[in-house]
$ cat input_16.txt   # compact mmCIF, C-alpha atoms
# COMPACT_ATOMS: atom_id res chain seq x y z
CA LEU A 1 83.12 104.02 104.46
CA VAL A 2 85.56 101.30 103.38
CA THR A 3 83.03 98.53 103.95
CA ILE A 4 80.35 100.29 101.93
CA GLY A 5 82.80 101.28 99.20
CA ALA A 6 84.15 97.74 98.89
CA ALA A 7 80.66 96.24 98.71
CA LEU A 8 79.63 98.74 96.03
CA GLU A 9 82.82 98.13 94.06
CA ALA A 10 82.32 94.35 94.21
CA GLY A 11 78.73 94.66 92.99
CA ILE A 12 77.36 93.06 96.15
CA VAL A 13 75.05 95.98 96.91
CA THR A 14 73.67 99.14 95.36
CA PRO A 15 72.29 102.17 97.21
CA THR A 16 68.80 100.68 96.97
CA THR A 17 69.67 97.17 98.20
CA THR A 18 67.66 96.50 101.36
CA PHE A 19 68.35 94.55 104.54
CA ASP A 20 66.07 93.60 107.41
CA VAL A 21 68.10 95.28 110.13
CA PRO A 22 67.43 94.31 113.76
CA PRO A 23 68.32 96.65 116.64
CA GLU A 24 71.17 94.35 117.62
CA ILE A 25 73.23 91.49 116.24
CA GLU A 26 75.15 88.82 118.16
CA PHE A 27 78.22 86.71 117.42
CA GLU A 28 79.25 83.66 119.40
CA ASP A 29 82.97 83.30 120.09
CA PRO A 30 83.55 79.62 120.94
CA GLU A 31 87.23 80.16 121.77
CA ILE A 32 86.40 82.20 124.85
CA ASP A 33 82.78 81.08 125.25
CA LYS A 34 81.42 84.60 124.98
CA THR A 35 78.62 86.32 123.10
CA TRP A 36 79.46 89.67 121.51
CA ARG A 37 76.60 92.06 120.90
CA PHE A 38 76.57 95.02 118.47
CA THR A 39 73.69 97.47 118.68
CA ASP A 40 72.05 100.51 117.11
CA ILE A 41 70.76 103.16 119.47
CA ASP A 42 68.21 104.83 117.19
CA HIS A 43 65.73 101.99 116.70
CA THR A 44 64.28 99.25 118.87
CA GLU A 45 62.75 96.87 116.33
CA THR A 46 63.69 95.29 113.02
CA GLU A 47 63.41 97.69 110.09
CA GLN A 48 63.91 97.29 106.37
CA LEU A 49 66.74 99.66 105.51
CA SER A 50 68.39 100.35 102.19
CA VAL A 51 72.15 100.85 101.92
CA THR A 52 71.38 104.57 101.64
CA ASP A 53 69.43 104.40 104.90
CA ILE A 54 72.21 102.45 106.62
CA VAL A 55 74.82 105.07 105.71
CA THR A 56 72.50 108.03 106.38
CA ARG A 57 71.58 106.80 109.85
CA SER A 58 75.04 105.38 110.66
CA SER A 59 73.56 101.99 111.41
CA ASN A 60 76.21 99.78 113.00
CA VAL A 61 74.12 96.66 112.60
CA GLY A 62 73.32 97.40 108.97
CA THR A 63 76.98 98.05 108.19
CA ILE A 64 77.95 94.76 109.84
CA MET A 65 75.35 92.93 107.75
CA ILE A 66 76.92 94.38 104.61
CA GLU A 67 80.36 93.33 105.89
CA GLN A 68 79.11 89.79 106.34
CA GLU A 69 78.02 89.75 102.70
CA LEU A 70 81.40 91.17 101.66
CA GLY A 71 83.39 88.45 103.42
CA TYR A 72 86.84 88.32 104.96
CA VAL A 73 88.99 88.26 101.81
CA ARG A 74 87.32 91.16 100.01
CA HIS A 75 87.18 93.17 103.24
CA ARG A 76 90.88 92.56 103.91
CA ASP A 77 91.87 93.41 100.34
CA ALA A 78 89.85 96.64 100.40
CA LEU A 79 91.46 97.78 103.66
CA THR A 80 94.90 97.11 102.20
CA ARG A 81 94.06 98.87 98.93
CA TRP A 82 92.75 101.91 100.80
CA GLY A 83 96.02 102.06 102.75
CA PHE A 84 95.02 101.01 106.25
CA GLY A 85 97.66 99.26 108.32
CA ALA A 86 100.43 101.23 106.56
CA VAL A 87 101.73 104.78 106.76
CA SER A 88 100.06 107.28 104.46
CA GLY A 89 103.43 108.55 103.27
CA VAL A 90 102.84 112.14 104.36
CA ASP A 91 106.01 114.27 104.23
CA LEU A 92 106.12 114.84 107.98
CA ALA A 93 108.32 112.92 110.38
CA GLY A 94 106.89 110.69 113.07
CA GLU A 95 103.74 109.40 111.36
CA ALA A 96 102.20 106.41 113.14
CA GLN A 97 101.64 103.36 110.96
CA GLY A 98 98.38 102.20 112.45
CA SER A 99 97.11 98.64 112.48
CA VAL A 100 94.17 96.47 111.47
CA ASN A 101 93.06 93.57 113.65
CA LEU A 102 91.41 91.38 111.03
CA GLU A 103 92.12 87.68 111.32
CA PRO A 104 90.17 85.00 109.42
CA THR A 105 89.56 82.98 112.60
CA CYS A 106 88.40 85.98 114.64
CA VAL A 107 84.60 85.98 114.86
CA THR A 108 84.18 89.63 115.79
CA CYS A 109 87.13 91.27 114.03
CA GLY A 110 85.34 91.82 110.72
CA PRO A 111 82.22 93.33 112.31
CA SER A 112 84.35 95.47 114.62
CA VAL A 113 86.55 96.83 111.84
CA ALA A 114 83.47 97.55 109.71
CA ILE A 115 82.21 100.06 112.28
CA GLY A 116 85.58 101.58 113.18
CA TYR A 117 86.81 99.43 116.03
CA SER A 118 89.79 97.02 116.05
CA ILE A 119 91.58 99.42 113.73
CA ASN A 120 94.09 102.19 114.42
CA THR A 121 94.71 104.99 111.97
CA THR A 122 95.52 108.69 111.85
CA LEU A 123 93.30 111.62 111.01
CA VAL A 124 95.60 112.49 108.10
CA GLN A 125 95.07 109.03 106.63
CA MET A 126 91.31 109.25 107.09
CA ALA A 127 91.29 112.65 105.39
CA SER A 128 93.27 111.25 102.47
CA VAL A 129 90.78 108.38 102.06
CA TYR A 130 87.89 110.83 101.88
CA GLY A 131 90.04 112.83 99.49
CA ALA A 132 90.11 109.79 97.21
CA VAL A 133 86.31 109.65 97.24
CA ALA A 134 86.27 113.35 96.37
CA ASN A 135 88.89 112.75 93.67
CA ASP A 136 86.91 110.15 91.66
CA GLY A 137 88.55 107.23 93.42
CA VAL A 138 92.19 108.31 93.15
CA LEU A 139 94.13 108.28 96.43
CA VAL A 140 96.83 110.95 96.48
CA THR A 141 99.62 110.70 99.04
CA PRO A 142 98.98 113.55 101.51
CA HIS A 143 101.69 116.19 101.63
CA PHE A 144 102.48 119.51 103.29
CA VAL A 145 105.12 120.67 100.81
CA ARG A 146 103.83 121.74 97.39
CA SER A 147 107.11 122.88 95.88
CA THR A 148 110.75 123.50 96.77
CA ASP A 149 112.92 126.51 96.01
CA ARG A 150 116.45 125.82 94.84
CA ALA A 151 118.52 128.79 93.78
CA GLY A 152 115.40 130.73 92.96
CA GLU A 153 113.84 127.92 90.91
CA LEU A 154 110.54 126.45 92.11
CA ASN A 155 110.12 122.72 91.61
CA ASP A 156 106.80 120.99 92.23
CA VAL A 157 107.03 118.02 94.57
CA GLU A 158 106.13 114.74 92.89
CA VAL A 159 103.29 113.00 94.69
CA ASP A 160 102.25 109.35 94.26
CA SER A 161 98.66 108.43 93.46
CA ARG A 162 96.68 105.30 92.75
CA GLU A 163 93.07 104.33 92.10
CA ILE A 164 91.39 102.59 95.03
CA VAL A 165 87.83 102.54 93.66
CA SER A 166 86.31 103.27 90.29
CA PRO A 167 85.01 106.76 89.46
CA THR A 168 81.50 105.29 89.44
CA THR A 169 81.84 103.94 92.97
CA ALA A 170 83.38 107.21 94.16
CA SER A 171 80.44 109.14 92.70
CA THR A 172 77.98 106.81 94.42
CA LEU A 173 79.78 107.25 97.74
CA ARG A 174 79.61 111.02 97.39
CA ALA A 175 75.87 110.81 96.86
CA LEU A 176 75.53 108.62 99.97
CA LEU A 177 77.64 111.04 102.00
CA ARG A 178 75.55 113.97 100.81
CA ASN A 179 72.45 112.25 102.10
CA VAL A 180 74.07 111.88 105.54
CA VAL A 181 74.09 115.67 105.75
CA GLU A 182 70.96 116.64 103.84
CA ALA A 183 68.41 114.00 104.87
CA ASP A 184 66.18 114.78 107.85
CA GLU A 185 67.25 111.52 109.50
CA GLY A 186 70.94 111.97 108.63
CA THR A 187 73.45 111.94 111.46
CA GLY A 188 75.45 114.73 109.80
CA ARG A 189 72.78 117.44 109.76
CA GLY A 190 75.00 119.67 111.90
CA ALA A 191 77.51 119.90 109.03
CA ARG A 192 75.15 121.76 106.70
CA ILE A 193 76.58 124.96 105.21
CA GLU A 194 74.17 127.47 103.72
CA GLY A 195 74.71 127.82 99.99
CA TYR A 196 76.84 124.68 99.60
CA SER A 197 76.05 121.01 99.17
CA VAL A 198 78.05 118.97 101.67
CA GLY A 199 78.82 115.28 101.82
CA GLY A 200 80.39 113.67 104.85
CA LYS A 201 80.26 111.08 107.60
CA THR A 202 80.00 111.17 111.35
CA GLY A 203 82.01 108.96 113.66
CA THR A 204 81.51 108.20 117.35
CA SER A 205 83.63 105.65 119.20
CA ARG A 206 84.51 104.79 122.73
CA VAL A 207 88.02 105.55 123.99
CA PHE A 208 90.35 102.53 124.13
CA GLU A 209 92.88 102.79 126.93
CA ASP A 210 94.67 100.36 129.22
CA GLY A 211 93.40 97.42 127.21
CA GLU A 212 89.70 98.23 127.38
CA TYR A 213 86.96 100.41 125.90
CA HIS A 214 85.44 102.97 128.25
CA ASP A 215 81.65 103.39 128.27
CA ASP A 216 81.78 107.04 129.38
CA ARG A 217 84.62 108.41 127.22
CA PHE A 218 84.24 109.06 123.50
CA MET A 219 85.95 110.26 120.34
CA ALA A 220 83.77 112.26 117.95
CA SER A 221 84.60 112.97 114.32
CA PHE A 222 83.24 114.36 111.11
CA ILE A 223 84.96 114.28 107.73
CA GLY A 224 83.33 115.99 104.79
CA MET A 225 83.62 117.68 101.43
CA PRO A 226 81.83 120.46 99.56
CA PRO A 227 80.46 120.92 97.01
CA ALA A 228 79.32 117.31 97.24
CA GLU A 229 79.04 116.80 93.47
CA ASP A 230 82.49 118.22 92.64
CA PRO A 231 84.43 118.67 95.89
CA ARG A 232 87.08 121.34 96.31
CA LEU A 233 88.14 120.60 99.88
CA VAL A 234 88.15 117.89 102.51
CA VAL A 235 88.17 118.83 106.19
CA ALA A 236 88.52 116.28 108.98
CA VAL A 237 87.56 117.16 112.55
CA LEU A 238 88.33 114.93 115.54
CA LEU A 239 87.34 115.80 119.10
CA GLU A 240 88.88 113.86 121.94
CA GLU A 241 86.46 113.19 124.77
CA PRO A 242 83.85 115.92 124.16
CA LYS A 243 81.55 116.36 127.10
CA ALA A 244 78.04 114.89 127.21
CA PRO A 245 75.41 115.35 125.98
CA THR A 246 77.17 116.52 122.81
CA TYR A 247 79.69 113.71 122.54
CA SER A 248 78.68 112.25 119.16
CA GLY A 249 80.19 112.99 115.79
CA GLY A 250 76.93 114.53 114.61
CA THR A 251 76.38 116.86 117.55
CA ALA A 252 79.96 117.74 118.54
CA ALA A 253 82.23 117.43 115.49
CA ALA A 254 79.86 118.23 112.61
CA PRO A 255 79.11 121.84 113.69
CA ALA A 256 82.85 122.46 114.16
CA PHE A 257 83.42 121.12 110.65
CA ALA A 258 80.80 123.51 109.24
CA ASP A 259 82.45 126.53 110.89
CA ILE A 260 85.94 125.60 109.71
CA MET A 261 84.87 124.65 106.20
CA LEU A 262 82.85 127.82 105.62
CA LYS A 263 85.89 129.97 106.41
CA ALA A 264 88.07 127.83 104.13
CA LEU A 265 85.60 128.06 101.25
CA HIS A 266 85.44 131.85 101.57
CA GLN A 267 89.23 132.12 101.75
CA LEU A 268 89.64 130.09 98.55
CA GLY A 269 86.86 131.96 96.79
CA VAL A 270 84.68 128.89 96.20
CA GLU A 271 81.29 130.18 95.11
CA PRO A 272 78.08 128.73 96.56
CA ASN A 273 76.52 126.03 94.42
CA GLU A 274 73.01 126.07 95.87

$ encode --input "input_16.txt" --output "structure tokens"
Amino acid sequence: LVTIGAALEAGIVTPTTTFDVPPEIEFEDPEIDKTWRFTDIDHTETEQLSVTDIVTRSSNVGTIMIEQELGYVRHRDALTRWGFGAVSGVDLAGEAQGSVNLEPTCVTCGPSVAIGYSINTTLVQMASVYGAVANDGVLVTPHFVRSTDRAGELNDVEVDSREIVSPTTASTLRALLRNVVEADEGTGRGARIEGYSVGGKTGTSRVFEDGEYHDDRFMASFIGMPPAEDPRLVVAVLLEEPKAPTYSGGTAAAPAFADIMLKALHQLGVEPNE
């Protein structure tokens, strides 16, 4: 999401910008004399994909190609502006700070970060970033406490906020996220909720433990917001090591998101918009 948002904000791409996306892309690392290969699993030949297609189909290779156009400096600045590598500031003790492995001399760091690797963060921070997209580009510090009671007087807690992307970019991102759920080829089809438009994004990554990524252990996530045009809620779902064959964000986490979100919408009295 950050890579796409930064590229949109910089004017490098629009939703209709196209790339000739191969099924895999390689990077040579001369320092260790190794070739790193990044792949897509849903196509086996080069296809012309728009930015909308790349987001809808969760194309790793397409996202990396956009990151290459963005460049190191703009990518780094966007990650910092969106809050990665720092604590979110949530009013709960023990929050992990997270980290971003993005060095200018590292050949594969930029591509890895673009697709969710070489970066550590928390689910709260990810939810707050999607909250900024829902909130016209304004990132609000996440918080559990809404107000305090002192001697019978309620006082609202002051919460920091800042703009991380323009309202126009945020609106474009919401439209892209909606397509992830609504398009027939979207990876987030399992997050559909009858009566509501939903925007969101799937995530599937291998587990990193003991200094290596495991090919048979996964983390699956889905973060979304309805109604997509004017969101009322953001829900983030993360499943640790779901069992195959439903280990992806689209097949494991998205349906869980839909169940949780529907109950939340009913509880808050949010009327269907479709």

$ residues_around --input "input_16.txt" --residues "His143 of chain A" --least-positions-apart "2" --cutoff "9 Å" --atoms "only C-alpha atoms" --output "ChimeraX atom specification"
/A:89-92,140-141,145-146,159

$ residues_around --input "input_16.txt" --residues "segment 241-258 of chain A" --least-positions-apart "3" --cutoff "8 Å" --atoms "all atoms listed in the file" --output "list in words"
Thr187, Gly188, Arg189, Gly190, Ala191, Arg192, Ile193, Thr202, Gly203, Thr204, Val207, Arg217, Phe218, Met219, Ala220, Ser221, Phe222, Ile223, Gly224, Val235, Ala236, Val237, Leu238, Met261 and Leu262 of chain A

$ closest_residue --input "input_16.txt" --among "A:Thr3, A:Thr108, A:Ser50, A:Asn60" --to "Trp36 of chain A" --atoms "all atoms listed in the file"
A:Thr108

$ atom_distance --input "input_16.txt" --atom1 "atom CA of Glu185 of chain A" --atom2 "atom CA of Leu70 of chain A"
26.0 Å

$ closest_residue --input "input_16.txt" --among "A:Glu182, A:Glu153, A:Glu229, A:Asp136" --to "Val165 of chain A" --atoms "all atoms listed in the file"
A:Asp136

$ residues_around --input "input_16.txt" --residues "Ser112 of chain A" --least-positions-apart "3" --cutoff "10 Å" --atoms "all atoms listed in the file" --output "list in words"
Phe38, Asn60, Ile64, Glu67, Asn101, Leu102, Val107, Thr108, Cys109, Ile115, Gly116, Tyr117, Ser118 and Ile119 of chain A

$ decode --input "input_16.txt" --residues "segment 166-191 of chain A" --atoms "N, CA, C and O atoms" --output "short mmCIF file (atom, residue, chain, number, x, y, z; two decimals), in the first residue's frame"
data_model
loop_
_atom_site.label_atom_id
_atom_site.label_comp_id
_atom_site.auth_asym_id
_atom_site.auth_seq_id
_atom_site.Cartn_x
_atom_site.Cartn_y
_atom_site.Cartn_z
N SER A 166 -2.30 13.20 0.25
CA SER A 166 -3.36 14.15 -0.03
C SER A 166 -4.72 13.45 -0.05
O SER A 166 -4.81 12.23 -0.24
N PRO A 167 -5.81 14.21 0.16
CA PRO A 167 -7.14 13.61 0.06
C PRO A 167 -7.38 12.95 -1.30
O PRO A 167 -8.06 11.92 -1.37
N THR A 168 -6.82 13.53 -2.35
CA THR A 168 -6.99 12.94 -3.69
C THR A 168 -6.34 11.57 -3.78
O THR A 168 -6.93 10.61 -4.29
N THR A 169 -5.11 11.45 -3.27
CA THR A 169 -4.43 10.16 -3.28
C THR A 169 -5.16 9.15 -2.41
O THR A 169 -5.31 7.98 -2.79
N ALA A 170 -5.64 9.60 -1.26
CA ALA A 170 -6.38 8.69 -0.37
C ALA A 170 -7.64 8.17 -1.06
O ALA A 170 -7.97 6.99 -0.97
N SER A 171 -8.33 9.04 -1.77
CA SER A 171 -9.54 8.63 -2.49
C SER A 171 -9.21 7.62 -3.58
O SER A 171 -9.94 6.64 -3.78
N THR A 172 -8.10 7.86 -4.28
CA THR A 172 -7.68 6.91 -5.32
C THR A 172 -7.33 5.56 -4.72
O THR A 172 -7.69 4.51 -5.27
N LEU A 173 -6.64 5.57 -3.59
CA LEU A 173 -6.30 4.31 -2.93
C LEU A 173 -7.55 3.55 -2.50
O LEU A 173 -7.62 2.33 -2.64
N ARG A 174 -8.55 4.27 -2.02
CA ARG A 174 -9.79 3.59 -1.62
C ARG A 174 -10.46 2.92 -2.81
O ARG A 174 -11.01 1.82 -2.70
N ALA A 175 -10.42 3.60 -3.95
CA ALA A 175 -11.00 3.00 -5.16
C ALA A 175 -10.22 1.75 -5.57
O ALA A 175 -10.81 0.73 -5.97
N LEU A 176 -8.90 1.79 -5.46
CA LEU A 176 -8.08 0.61 -5.78
C LEU A 176 -8.37 -0.53 -4.82
O LEU A 176 -8.50 -1.70 -5.23
N LEU A 177 -8.51 -0.21 -3.55
CA LEU A 177 -8.79 -1.24 -2.54
C LEU A 177 -10.18 -1.83 -2.74
O LEU A 177 -10.39 -3.03 -2.50
N ARG A 178 -11.12 -1.01 -3.18
CA ARG A 178 -12.46 -1.54 -3.45
C ARG A 178 -12.41 -2.56 -4.57
O ARG A 178 -13.09 -3.59 -4.53
N ASN A 179 -11.59 -2.30 -5.56
CA ASN A 179 -11.49 -3.22 -6.69
C ASN A 179 -10.88 -4.56 -6.27
O ASN A 179 -11.21 -5.61 -6.84
N VAL A 180 -10.00 -4.54 -5.27
CA VAL A 180 -9.42 -5.78 -4.75
C VAL A 180 -10.52 -6.74 -4.28
O VAL A 180 -10.43 -7.96 -4.44
N VAL A 181 -11.58 -6.16 -3.71
CA VAL A 181 -12.67 -6.96 -3.17
C VAL A 181 -13.74 -7.26 -4.22
O VAL A 181 -14.27 -8.37 -4.28
N GLU A 182 -14.05 -6.28 -5.04
CA GLU A 182 -15.21 -6.41 -5.93
C GLU A 182 -14.90 -7.04 -7.28
O GLU A 182 -15.78 -7.64 -7.90
N ALA A 183 -13.67 -6.91 -7.77
CA ALA A 183 -13.34 -7.45 -9.09
C ALA A 183 -13.30 -8.97 -9.06
O ALA A 183 -12.92 -9.58 -8.05
N ASP A 184 -13.67 -9.59 -10.16
CA ASP A 184 -13.69 -11.06 -10.23
C ASP A 184 -12.30 -11.64 -10.03
O ASP A 184 -12.17 -12.75 -9.49
N GLU A 185 -11.25 -10.90 -10.44
CA GLU A 185 -9.90 -11.40 -10.29
C GLU A 185 -9.23 -10.88 -9.02
O GLU A 185 -8.05 -11.13 -8.78
N GLY A 186 -9.97 -10.16 -8.18
CA GLY A 186 -9.40 -9.59 -6.96
C GLY A 186 -9.07 -10.65 -5.93
O GLY A 186 -9.81 -11.62 -5.74
N THR A 187 -7.97 -10.44 -5.22
CA THR A 187 -7.56 -11.42 -4.20
C THR A 187 -8.40 -11.30 -2.93
O THR A 187 -8.34 -12.18 -2.08
N GLY A 188 -9.18 -10.23 -2.80
CA GLY A 188 -9.96 -10.02 -1.59
C GLY A 188 -11.44 -10.34 -1.72
O GLY A 188 -12.26 -9.82 -0.95
N ARG A 189 -11.80 -11.19 -2.67
CA ARG A 189 -13.22 -11.49 -2.90
C ARG A 189 -13.89 -12.07 -1.65
O ARG A 189 -15.09 -11.88 -1.43
N GLY A 190 -13.13 -12.76 -0.83
CA GLY A 190 -13.69 -13.36 0.38
C GLY A 190 -14.11 -12.35 1.43
O GLY A 190 -14.75 -12.71 2.42
N ALA A 191 -13.76 -11.07 1.23
CA ALA A 191 -14.11 -10.03 2.20
C ALA A 191 -15.41 -9.32 1.84
O ALA A 191 -15.79 -8.36 2.53
#
